[in-house]
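Visitor: Below is the file structure05.cif, with mmCIF, C-alpha atoms.
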data_model
#
loop_
_atom_site.group_PDB
_atom_site.id
_atom_site.type_symbol
_atom_site.label_atom_id
_atom_site.label_comp_id
_atom_site.auth_asym_id
_atom_site.auth_seq_id
_atom_site.Cartn_x
_atom_site.Cartn_y
_atom_site.Cartn_z
ATOM 1 C CA MET Z 1 -6.109 -42.323 51.581
ATOM 2 C CA ARG Z 2 -7.713 -39.101 50.389
ATOM 3 C CA LEU Z 3 -5.783 -36.773 52.710
ATOM 4 C CA THR Z 4 -2.268 -38.176 52.489
ATOM 5 C CA ASN Z 5 0.448 -35.590 53.245
ATOM 6 C CA LYS Z 6 -2.069 -33.008 54.474
ATOM 7 C CA VAL Z 7 -1.853 -31.376 57.906
ATOM 8 C CA ALA Z 8 -5.209 -30.467 59.441
ATOM 9 C CA LEU Z 9 -6.084 -28.335 62.461
ATOM 10 C CA VAL Z 10 -9.439 -29.163 64.084
ATOM 11 C CA THR Z 11 -10.929 -27.107 66.915
ATOM 12 C CA GLY Z 12 -13.349 -28.604 69.393
ATOM 13 C CA GLY Z 13 -11.501 -31.852 68.763
ATOM 14 C CA GLY Z 14 -12.006 -33.416 72.179
ATOM 15 C CA SER Z 15 -15.508 -34.779 71.556
ATOM 16 C CA GLY Z 16 -18.475 -34.974 69.213
ATOM 17 C CA ILE Z 17 -18.166 -33.659 65.678
ATOM 18 C CA GLY Z 18 -14.587 -32.443 66.134
ATOM 19 C CA GLU Z 19 -13.433 -35.828 67.398
ATOM 20 C CA ALA Z 20 -15.168 -37.631 64.529
ATOM 21 C CA ILE Z 21 -13.559 -35.306 61.989
ATOM 22 C CA ALA Z 22 -10.102 -35.803 63.501
ATOM 23 C CA VAL Z 23 -10.523 -39.594 63.438
ATOM 24 C CA ALA Z 24 -11.777 -39.548 59.842
ATOM 25 C CA PHE Z 25 -8.959 -37.264 58.695
ATOM 26 C CA ALA Z 26 -6.308 -39.485 60.281
ATOM 27 C CA ARG Z 27 -7.893 -42.569 58.750
ATOM 28 C CA GLU Z 28 -7.607 -40.883 55.340
ATOM 29 C CA GLY Z 29 -3.887 -40.224 55.830
ATOM 30 C CA ALA Z 30 -3.792 -36.718 57.336
ATOM 31 C CA THR Z 31 -1.726 -35.550 60.270
ATOM 32 C CA VAL Z 32 -4.100 -33.876 62.715
ATOM 33 C CA VAL Z 33 -3.737 -31.191 65.376
ATOM 34 C CA ILE Z 34 -6.752 -31.101 67.691
ATOM 35 C CA ALA Z 35 -7.524 -28.149 69.939
ATOM 36 C CA GLY Z 36 -9.967 -27.458 72.743
ATOM 37 C CA ARG Z 37 -10.188 -26.113 76.257
ATOM 38 C CA HIS Z 38 -9.927 -29.455 78.074
ATOM 39 C CA GLN Z 39 -6.578 -31.201 77.778
ATOM 40 C CA GLU Z 40 -7.803 -34.513 79.214
ATOM 41 C CA LYS Z 41 -10.448 -34.873 76.492
ATOM 42 C CA LEU Z 42 -7.937 -33.999 73.797
ATOM 43 C CA ASP Z 43 -5.398 -36.485 75.162
ATOM 44 C CA ARG Z 44 -8.001 -39.264 75.046
ATOM 45 C CA VAL Z 45 -8.702 -38.599 71.376
ATOM 46 C CA ALA Z 46 -5.023 -38.222 70.500
ATOM 47 C CA LYS Z 47 -4.201 -41.517 72.217
ATOM 48 C CA ALA Z 48 -6.930 -43.283 70.251
ATOM 49 C CA ILE Z 49 -5.714 -41.851 66.941
ATOM 50 C CA GLY Z 50 -2.019 -42.427 67.594
ATOM 51 C CA GLU Z 51 1.131 -40.719 66.371
ATOM 52 C CA ALA Z 52 -0.715 -38.885 63.600
ATOM 53 C CA CYS Z 53 -2.435 -36.651 66.171
ATOM 54 C CA LEU Z 54 -1.169 -33.801 68.364
ATOM 55 C CA ALA Z 55 -3.369 -32.383 71.164
ATOM 56 C CA VAL Z 56 -3.027 -28.707 72.135
ATOM 57 C CA ALA Z 57 -5.175 -27.047 74.791
ATOM 58 C CA ALA Z 58 -6.384 -23.634 73.610
ATOM 59 C CA ASP Z 59 -9.316 -21.255 73.961
ATOM 60 C CA VAL Z 60 -10.053 -20.059 70.431
ATOM 61 C CA SER Z 61 -11.691 -16.865 71.690
ATOM 62 C CA LYS Z 62 -8.304 -15.674 73.018
ATOM 63 C CA ALA Z 63 -5.840 -14.279 70.487
ATOM 64 C CA SER Z 64 -2.856 -15.370 72.580
ATOM 65 C CA ASP Z 65 -4.074 -18.977 72.658
ATOM 66 C CA VAL Z 66 -4.704 -18.946 68.910
ATOM 67 C CA LYS Z 67 -1.201 -17.640 68.250
ATOM 68 C CA LYS Z 68 0.286 -20.364 70.448
ATOM 69 C CA LEU Z 69 -1.821 -23.082 68.822
ATOM 70 C CA VAL Z 70 -0.804 -22.160 65.270
ATOM 71 C CA SER Z 71 2.825 -21.763 66.315
ATOM 72 C CA VAL Z 72 2.926 -25.227 67.909
ATOM 73 C CA ALA Z 73 1.295 -26.802 64.852
ATOM 74 C CA LEU Z 74 3.759 -25.170 62.467
ATOM 75 C CA GLU Z 75 6.760 -25.956 64.628
ATOM 76 C CA LYS Z 76 5.774 -29.625 64.698
ATOM 77 C CA PHE Z 77 4.475 -30.171 61.173
ATOM 78 C CA LYS Z 78 5.728 -27.120 59.141
ATOM 79 C CA ARG Z 79 2.413 -26.439 57.385
ATOM 80 C CA ILE Z 80 -1.377 -26.296 57.771
ATOM 81 C CA ASP Z 81 -3.370 -27.440 54.757
ATOM 82 C CA VAL Z 82 -6.814 -27.763 56.334
ATOM 83 C CA LEU Z 83 -8.522 -25.780 59.090
ATOM 84 C CA VAL Z 84 -11.785 -26.980 60.619
ATOM 85 C CA ASN Z 85 -13.435 -24.296 62.751
ATOM 86 C CA ASN Z 86 -15.687 -26.501 64.838
ATOM 87 C CA ALA Z 87 -15.467 -25.137 68.407
ATOM 88 C CA ALA Z 88 -18.833 -23.768 69.537
ATOM 89 C CA ILE Z 89 -21.225 -23.353 72.437
ATOM 90 C CA LEU Z 90 -25.021 -23.405 72.527
ATOM 91 C CA LEU Z 91 -26.821 -21.298 75.148
ATOM 92 C CA ALA Z 92 -30.627 -21.193 74.994
ATOM 93 C CA GLY Z 93 -32.630 -17.995 75.210
ATOM 94 C CA THR Z 94 -34.826 -15.440 73.454
ATOM 95 C CA ALA Z 95 -33.939 -11.819 72.749
ATOM 96 C CA GLU Z 96 -35.570 -10.918 76.089
ATOM 97 C CA SER Z 97 -34.390 -13.750 78.296
ATOM 98 C CA LEU Z 98 -30.782 -14.015 77.175
ATOM 99 C CA GLN Z 99 -28.171 -12.415 79.416
ATOM 100 C CA GLU Z 100 -25.483 -10.136 78.014
ATOM 101 C CA ASP Z 101 -22.703 -12.461 79.173
ATOM 102 C CA ASP Z 102 -24.347 -15.381 77.347
ATOM 103 C CA TRP Z 103 -24.562 -13.346 74.135
ATOM 104 C CA ASP Z 104 -20.928 -12.251 74.414
ATOM 105 C CA GLN Z 105 -19.665 -15.751 75.200
ATOM 106 C CA THR Z 106 -21.569 -17.205 72.246
ATOM 107 C CA PHE Z 107 -20.095 -14.739 69.780
ATOM 108 C CA ASN Z 108 -16.611 -14.848 71.299
ATOM 109 C CA ILE Z 109 -16.355 -18.593 70.717
ATOM 110 C CA ASN Z 110 -18.608 -19.221 67.722
ATOM 111 C CA VAL Z 111 -17.613 -16.193 65.620
ATOM 112 C CA ARG Z 112 -14.578 -14.364 67.046
ATOM 113 C CA GLY Z 113 -12.722 -17.665 67.497
ATOM 114 C CA LEU Z 114 -13.380 -18.649 63.896
ATOM 115 C CA TRP Z 115 -12.118 -15.286 62.663
ATOM 116 C CA LEU Z 116 -9.015 -15.286 64.883
ATOM 117 C CA LEU Z 117 -7.956 -18.760 63.810
ATOM 118 C CA SER Z 118 -8.676 -18.188 60.135
ATOM 119 C CA ARG Z 119 -6.689 -14.953 60.235
ATOM 120 C CA ALA Z 120 -3.751 -16.761 61.850
ATOM 121 C CA VAL Z 121 -3.741 -19.653 59.367
ATOM 122 C CA LEU Z 122 -4.391 -17.829 56.088
ATOM 123 C CA PRO Z 123 -0.827 -16.518 55.541
ATOM 124 C CA HIS Z 124 0.587 -20.012 55.933
ATOM 125 C CA MET Z 125 -1.925 -21.544 53.517
ATOM 126 C CA ARG Z 126 -1.079 -18.794 51.036
ATOM 127 C CA ALA Z 127 2.645 -19.511 51.374
ATOM 128 C CA THR Z 128 2.169 -23.207 50.575
ATOM 129 C CA GLY Z 129 -0.087 -22.647 47.573
ATOM 130 C CA GLY Z 130 -3.569 -22.955 49.033
ATOM 131 C CA GLY Z 131 -5.723 -24.871 51.456
ATOM 132 C CA SER Z 132 -9.214 -25.624 52.695
ATOM 133 C CA ILE Z 133 -11.046 -23.901 55.543
ATOM 134 C CA ILE Z 134 -14.148 -25.731 56.736
ATOM 135 C CA ASN Z 135 -16.461 -23.849 59.065
ATOM 136 C CA ILE Z 136 -19.017 -25.825 61.029
ATOM 137 C CA GLY Z 137 -22.229 -23.836 60.941
ATOM 138 C CA SER Z 138 -25.685 -25.253 61.604
ATOM 139 C CA VAL Z 139 -29.080 -25.622 60.009
ATOM 140 C CA LEU Z 140 -29.669 -22.465 62.055
ATOM 141 C CA SER Z 141 -27.271 -20.720 59.693
ATOM 142 C CA LEU Z 142 -30.106 -21.144 57.188
ATOM 143 C CA VAL Z 143 -33.387 -21.190 59.137
ATOM 144 C CA GLY Z 144 -34.650 -19.975 62.504
ATOM 145 C CA ALA Z 145 -35.537 -21.787 65.714
ATOM 146 C CA ARG Z 146 -37.305 -20.858 68.910
ATOM 147 C CA ASN Z 147 -35.262 -20.030 72.010
ATOM 148 C CA ARG Z 148 -31.958 -20.007 70.107
ATOM 149 C CA VAL Z 149 -31.474 -16.310 69.379
ATOM 150 C CA ALA Z 150 -27.732 -16.027 70.146
ATOM 151 C CA TYR Z 151 -26.800 -19.395 68.654
ATOM 152 C CA SER Z 152 -28.824 -18.710 65.487
ATOM 153 C CA ALA Z 153 -27.286 -15.255 65.094
ATOM 154 C CA SER Z 154 -23.780 -16.624 65.596
ATOM 155 C CA LYS Z 155 -24.243 -19.445 63.109
ATOM 156 C CA GLY Z 156 -25.722 -17.029 60.577
ATOM 157 C CA ALA Z 157 -22.555 -15.010 61.014
ATOM 158 C CA VAL Z 158 -20.463 -18.140 60.423
ATOM 159 C CA LEU Z 159 -22.079 -18.624 57.017
ATOM 160 C CA ALA Z 160 -21.681 -14.933 56.138
ATOM 161 C CA LEU Z 161 -18.000 -15.075 57.127
ATOM 162 C CA THR Z 162 -17.583 -18.205 55.035
ATOM 163 C CA ARG Z 163 -18.874 -16.523 51.909
ATOM 164 C CA ALA Z 164 -16.865 -13.342 52.451
ATOM 165 C CA MET Z 165 -13.619 -15.230 53.069
ATOM 166 C CA ALA Z 166 -14.263 -17.474 50.073
ATOM 167 C CA LEU Z 167 -14.375 -14.415 47.826
ATOM 168 C CA ASP Z 168 -11.354 -12.777 49.442
ATOM 169 C CA HIS Z 169 -9.123 -15.817 49.035
ATOM 170 C CA ALA Z 170 -10.400 -17.700 45.977
ATOM 171 C CA ALA Z 171 -7.565 -16.399 43.778
ATOM 172 C CA GLU Z 172 -5.067 -17.759 46.321
ATOM 173 C CA LYS Z 173 -6.486 -21.298 45.980
ATOM 174 C CA ILE Z 174 -7.790 -21.177 49.516
ATOM 175 C CA ARG Z 175 -11.277 -22.661 49.590
ATOM 176 C CA VAL Z 176 -13.718 -21.758 52.378
ATOM 177 C CA ASN Z 177 -16.930 -23.714 52.901
ATOM 178 C CA CYS Z 178 -19.540 -24.215 55.604
ATOM 179 C CA ILE Z 179 -21.098 -27.489 56.772
ATOM 180 C CA CYS Z 180 -24.540 -26.949 58.316
ATOM 181 C CA PRO Z 181 -25.497 -29.934 60.481
ATOM 182 C CA GLY Z 182 -28.961 -30.662 61.779
ATOM 183 C CA ILE Z 183 -29.354 -32.016 65.304
ATOM 184 C CA VAL Z 184 -26.401 -34.326 65.898
ATOM 185 C CA GLU Z 185 -26.040 -36.647 68.896
ATOM 186 C CA THR Z 186 -23.233 -34.844 70.757
ATOM 187 C CA GLU Z 187 -22.507 -33.531 74.256
ATOM 188 C CA LEU Z 188 -23.363 -30.040 73.012
ATOM 189 C CA VAL Z 189 -27.032 -30.868 72.365
ATOM 190 C CA ALA Z 190 -27.581 -33.776 74.786
ATOM 191 C CA LYS Z 191 -28.824 -31.547 77.608
ATOM 192 C CA PHE Z 192 -31.520 -30.113 75.324
ATOM 193 C CA ASN Z 193 -32.831 -33.570 74.332
ATOM 194 C CA GLN Z 194 -33.368 -35.152 77.748
ATOM 195 C CA ASP Z 195 -37.149 -34.694 77.807
ATOM 196 C CA GLU Z 196 -38.672 -37.526 75.780
ATOM 197 C CA ASN Z 197 -41.516 -35.417 74.342
ATOM 198 C CA VAL Z 198 -39.062 -32.731 73.208
ATOM 199 C CA ARG Z 199 -36.802 -35.406 71.757
ATOM 200 C CA ARG Z 200 -39.666 -36.864 69.704
ATOM 201 C CA GLN Z 201 -40.648 -33.417 68.432
ATOM 202 C CA ARG Z 202 -37.100 -32.659 67.316
ATOM 203 C CA LEU Z 203 -36.697 -36.070 65.759
ATOM 204 C CA ALA Z 204 -39.807 -35.401 63.665
ATOM 205 C CA MET Z 205 -38.051 -32.363 62.166
ATOM 206 C CA HIS Z 206 -35.686 -34.745 60.348
ATOM 207 C CA PRO Z 207 -37.467 -36.543 57.481
ATOM 208 C CA MET Z 208 -34.883 -39.346 57.441
ATOM 209 C CA GLY Z 209 -36.133 -40.412 60.867
ATOM 210 C CA ARG Z 210 -33.042 -40.080 62.998
ATOM 211 C CA PHE Z 211 -30.690 -37.525 64.483
ATOM 212 C CA GLY Z 212 -27.298 -37.114 62.915
ATOM 213 C CA ARG Z 213 -24.162 -38.885 64.030
ATOM 214 C CA PRO Z 214 -20.813 -37.092 64.252
ATOM 215 C CA GLU Z 215 -19.540 -39.397 61.524
ATOM 216 C CA ASP Z 216 -22.159 -38.019 59.119
ATOM 217 C CA VAL Z 217 -20.564 -34.587 59.400
ATOM 218 C CA ALA Z 218 -17.040 -36.017 59.301
ATOM 219 C CA SER Z 219 -17.689 -37.607 55.896
ATOM 220 C CA ALA Z 220 -18.627 -34.236 54.435
ATOM 221 C CA ALA Z 221 -15.540 -32.654 56.009
ATOM 222 C CA VAL Z 222 -13.255 -35.266 54.420
ATOM 223 C CA PHE Z 223 -14.694 -34.428 51.004
ATOM 224 C CA LEU Z 224 -14.196 -30.684 51.476
ATOM 225 C CA ALA Z 225 -10.675 -31.169 52.829
ATOM 226 C CA SER Z 226 -9.648 -33.406 49.953
ATOM 227 C CA ASP Z 227 -8.609 -32.700 46.389
ATOM 228 C CA GLU Z 228 -11.990 -34.060 45.277
ATOM 229 C CA SER Z 229 -13.553 -30.622 45.828
ATOM 230 C CA PRO Z 230 -11.147 -28.257 44.020
ATOM 231 C CA TRP Z 231 -13.844 -26.029 42.500
ATOM 232 C CA ILE Z 232 -16.075 -25.695 45.553
ATOM 233 C CA THR Z 233 -15.851 -22.558 47.673
ATOM 234 C CA GLY Z 234 -18.280 -20.246 49.447
ATOM 235 C CA SER Z 235 -20.859 -23.029 49.723
ATOM 236 C CA ALA Z 236 -23.182 -24.124 52.512
ATOM 237 C CA PHE Z 237 -23.581 -27.895 52.872
ATOM 238 C CA PRO Z 238 -26.624 -28.953 54.925
ATOM 239 C CA VAL Z 239 -25.988 -32.341 56.540
ATOM 240 C CA ASP Z 240 -29.349 -32.563 58.197
ATOM 241 C CA GLY Z 241 -31.434 -35.597 57.233
ATOM 242 C CA GLY Z 242 -33.758 -33.347 55.224
ATOM 243 C CA TYR Z 243 -34.340 -30.734 57.963
ATOM 244 C CA THR Z 244 -33.944 -27.709 55.670
ATOM 245 C CA ALA Z 245 -35.697 -29.330 52.684
ATOM 246 C CA GLN Z 246 -39.118 -28.810 54.281
#
Mind turning the file's structure into structure tokens?

Guide:
Amino acid sequence: MRLTNKVALVTGGGSGIGEAIAVAFAREGATVVIAGRHQEKLDRVAKAIGEACLAVAADVSKASDVKKLVSVALEKFKRIDVLVNNAAILLAGTAESLQEDDWDQTFNINVRGLWLLSRAVLPHMRATGGGSIINIGSVLSLVGARNRVAYSASKGAVLALTRAMALDHAAEKIRVNCICPGIVETELVAKFNQDENVRRQRLAMHPMGRFGRPEDVASAAVFLASDESPWITGSAFPVDGGYTAQ
């Protein structure tokens, strides 16, 4: 039980990586608050986890929703020890083809939401003696990809924010790290992998011969949330089956 007595807040917790992280955290003894825009998805996950999980509908790109989310979590559980900034969207496009609304939506959720929630949680982590913020980036935080200009730029910003926040808050015992997954089998990427030829090409980018599973990312998140990683901050952790080793 590596997370006993810890309270964790996980965004994008209604499916995919966020759901897997919430399940893994609860299994390791944490109390978990999951957030997302779709209450029915959150309720399904919370029901599966049980009493250790609270579901709160919230749009992380809206400051009012973030304030409500943190307030509800603190009112219920009194503290937040771990924050997982996982909520994200992926809209395809090049610098020429991408629409302004798509660019703005990508950054509002992937970057602004991360900043808003971190800003809201930091004072409470400081008051309780520290904590762990885990930002879910991407291999595209580290390398480029075709037709992913907004997503790549946003995930590069996630890693830059991670490093800056790690420096700002290291003396307060608040650790900030970034997990950078490769292609993981989730709803977010499923629509981009429907063509069998494209799927084979993307699979070949991963030397270990398979796409990631949400549980692969969840295992790394448990480590970074736990007291097993007390001297790790400002780091990028590729969980990518060898994608960025090439």

Visitor: Expanded to explicit residues, what is the PyMOL selection byres ((chain Z and resi 204-206) around 6) for this file, as a list in words?

Guide: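 For this structure, the PyMOL selection byres ((chain Z and resi 204-206) around 6) resolves to Gln201, Arg202, Leu203, Pro207, Met208, Gly209, Gly241, Gly242 and Tyr243 of chain Z.
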
Visitor: Exactly which residues make up the result of the PyMOL selection byres ((chain Z and resi 231) around 10) on this file, given as a ChimeraX atom specification?

Guide: /Z:170,173,175,227-230,232-233

Visitor: Which is closest to Gly130 (chain Z) among Z:Asp168, Z:Glu96, Z:Asp81, Z:Glu215, if we use all atoms listed in the file?

Guide: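 The answer is Z:Asp81, which sits nearest to Gly130 (chain Z).
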
Visitor: If we count all atoms listed in the file, what is near Asn135 (chain Z) at a cut-off of 7 Å, once residues fewer than 2 positions away on the same chain are taken out, given as a VMD selection string?

Guide: chain Z and resid 84 to 86 133 137 177 to 179

Visitor: With all atoms listed in the file as the atoms that count, which of Z:Thr11, Z:Gln99, Z:Ser235, Z:Asn197 lies nearest to Ala164 (chain Z)?

Guide: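 Once distances to Ala164 (chain Z) are computed over all atoms listed in the file, the minimum belongs to Z:Ser235.
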
Visitor: Using only C-alpha atoms, which residues sit within 10 Å of Pro181 (chain Z) once same-chain residues fewer than 2 positions away are excluded, as a PyMOL selection string?

Guide: chain Z and resi 17+136-141+178-179+183-184+212-214+216-217+237-241+243-244

Visitor: Pick from Z:Ala73, Z:Val176, Z:Val143, Z:Ala88: nearest to Ser15 (chain Z), with only C-alpha atoms counted?

Guide: Z:Ala88

Visitor: Using the chain letters and numbers from this file, what does the PyMOL selection byres ((chain Z and resi 87) around 12) select? Give the answer as an MDAnalysis selection string.

Guide: chainID Z and resid 9:19 34:38 58:61 83:86 88:90 106:115 117 134:137 155 158 188

Visitor: Would you mind exporting the chosen residues as a compact mmCIF listing (two decimals), keeping the file's coordinate frame, restricted to C-alpha atoms?

Guide:
# COMPACT_ATOMS: atom_id res chain seq x y z
CA LEU Z 9 -6.08 -28.34 62.46
CA VAL Z 10 -9.44 -29.16 64.08
CA THR Z 11 -10.93 -27.11 66.92
CA GLY Z 12 -13.35 -28.60 69.39
CA GLY Z 13 -11.50 -31.85 68.76
CA GLY Z 14 -12.01 -33.42 72.18
CA SER Z 15 -15.51 -34.78 71.56
CA GLY Z 16 -18.48 -34.97 69.21
CA ILE Z 17 -18.17 -33.66 65.68
CA GLY Z 18 -14.59 -32.44 66.13
CA GLU Z 19 -13.43 -35.83 67.40
CA ILE Z 34 -6.75 -31.10 67.69
CA ALA Z 35 -7.52 -28.15 69.94
CA GLY Z 36 -9.97 -27.46 72.74
CA ARG Z 37 -10.19 -26.11 76.26
CA HIS Z 38 -9.93 -29.46 78.07
CA ALA Z 58 -6.38 -23.63 73.61
CA ASP Z 59 -9.32 -21.26 73.96
CA VAL Z 60 -10.05 -20.06 70.43
CA SER Z 61 -11.69 -16.86 71.69
CA LEU Z 83 -8.52 -25.78 59.09
CA VAL Z 84 -11.78 -26.98 60.62
CA ASN Z 85 -13.44 -24.30 62.75
CA ASN Z 86 -15.69 -26.50 64.84
CA ALA Z 88 -18.83 -23.77 69.54
CA ILE Z 89 -21.22 -23.35 72.44
CA LEU Z 90 -25.02 -23.40 72.53
CA THR Z 106 -21.57 -17.20 72.25
CA PHE Z 107 -20.10 -14.74 69.78
CA ASN Z 108 -16.61 -14.85 71.30
CA ILE Z 109 -16.36 -18.59 70.72
CA ASN Z 110 -18.61 -19.22 67.72
CA VAL Z 111 -17.61 -16.19 65.62
CA ARG Z 112 -14.58 -14.36 67.05
CA GLY Z 113 -12.72 -17.66 67.50
CA LEU Z 114 -13.38 -18.65 63.90
CA TRP Z 115 -12.12 -15.29 62.66
CA LEU Z 117 -7.96 -18.76 63.81
CA ILE Z 134 -14.15 -25.73 56.74
CA ASN Z 135 -16.46 -23.85 59.06
CA ILE Z 136 -19.02 -25.82 61.03
CA GLY Z 137 -22.23 -23.84 60.94
CA LYS Z 155 -24.24 -19.44 63.11
CA VAL Z 158 -20.46 -18.14 60.42
CA LEU Z 188 -23.36 -30.04 73.01

Visitor: Can you work out the spacing between CA of Val222 (chain Z) and CA of Gly234 (chain Z) in Å, to one decimal?

Guide: 16.6 Å

Visitor: Between Z:Arg210, Z:Ala57, Z:Lys6, Z:Glu28, single out the one closest to Ile80 (chain Z), counting all atoms listed in the file.

Guide: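 Counting all atoms listed in the file, the residue closest to Ile80 (chain Z) is Z:Lys6.
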
Visitor: With distances taken over only C-alpha atoms, which residue among Z:Ala24, Z:Ala220, Z:Leu159, Z:Ala150 lies nearest Cys53 (chain Z)?

Guide: Z:Ala24

Visitor: Might you pull out every residue within 7 Å of Arg79 (chain Z), with all atoms listed in the file counted and same-chain residues fewer than 5 positions away left off, and present them as a PDB file with C-alpha atoms, in the coordinates of the input?

Guide:
ATOM      1  CA  VAL Z   7      -1.853 -31.376  57.906  1.00  0.00           C
ATOM      2  CA  LEU Z  74       3.759 -25.170  62.467  1.00  0.00           C
ATOM      3  CA  HIS Z 124       0.587 -20.012  55.933  1.00  0.00           C
TER       4      HIS Z 124
END

Visitor: Let me make sure I understand: among Z:Ala225, Z:Ala160, Z:Ala120, Z:Arg146, which one has the smallest atom-to-atom distance to Ala63 (chain Z) if we use only C-alpha atoms?

Guide: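 Closest candidate: Z:Ala120.
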
Visitor: Have a look at CA of Gln246 (chain Z) and CA of Asn193 (chain Z) and let me know their distance in Å, one decimal.

Guide: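 Between CA of Gln246 (chain Z) and CA of Asn193 (chain Z) the gap works out to 21.5 Å.
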
Visitor: Quote the spacing between CA of Lys67 (chain Z) and CA of Ala236 (chain Z) in Å to one decimal place.

Guide: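 That distance, rounded to one decimal, is 27.8 Å.
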
Visitor: Extract, using only C-alpha atoms, all DNA, RNA and protein residues at most 9 Å from Leu91 (chain Z), discarding same-chain residues fewer than 4 positions from it, and format them as a PyMOL selection string.

Guide: chain Z and resi 98+102-103+106+148-151
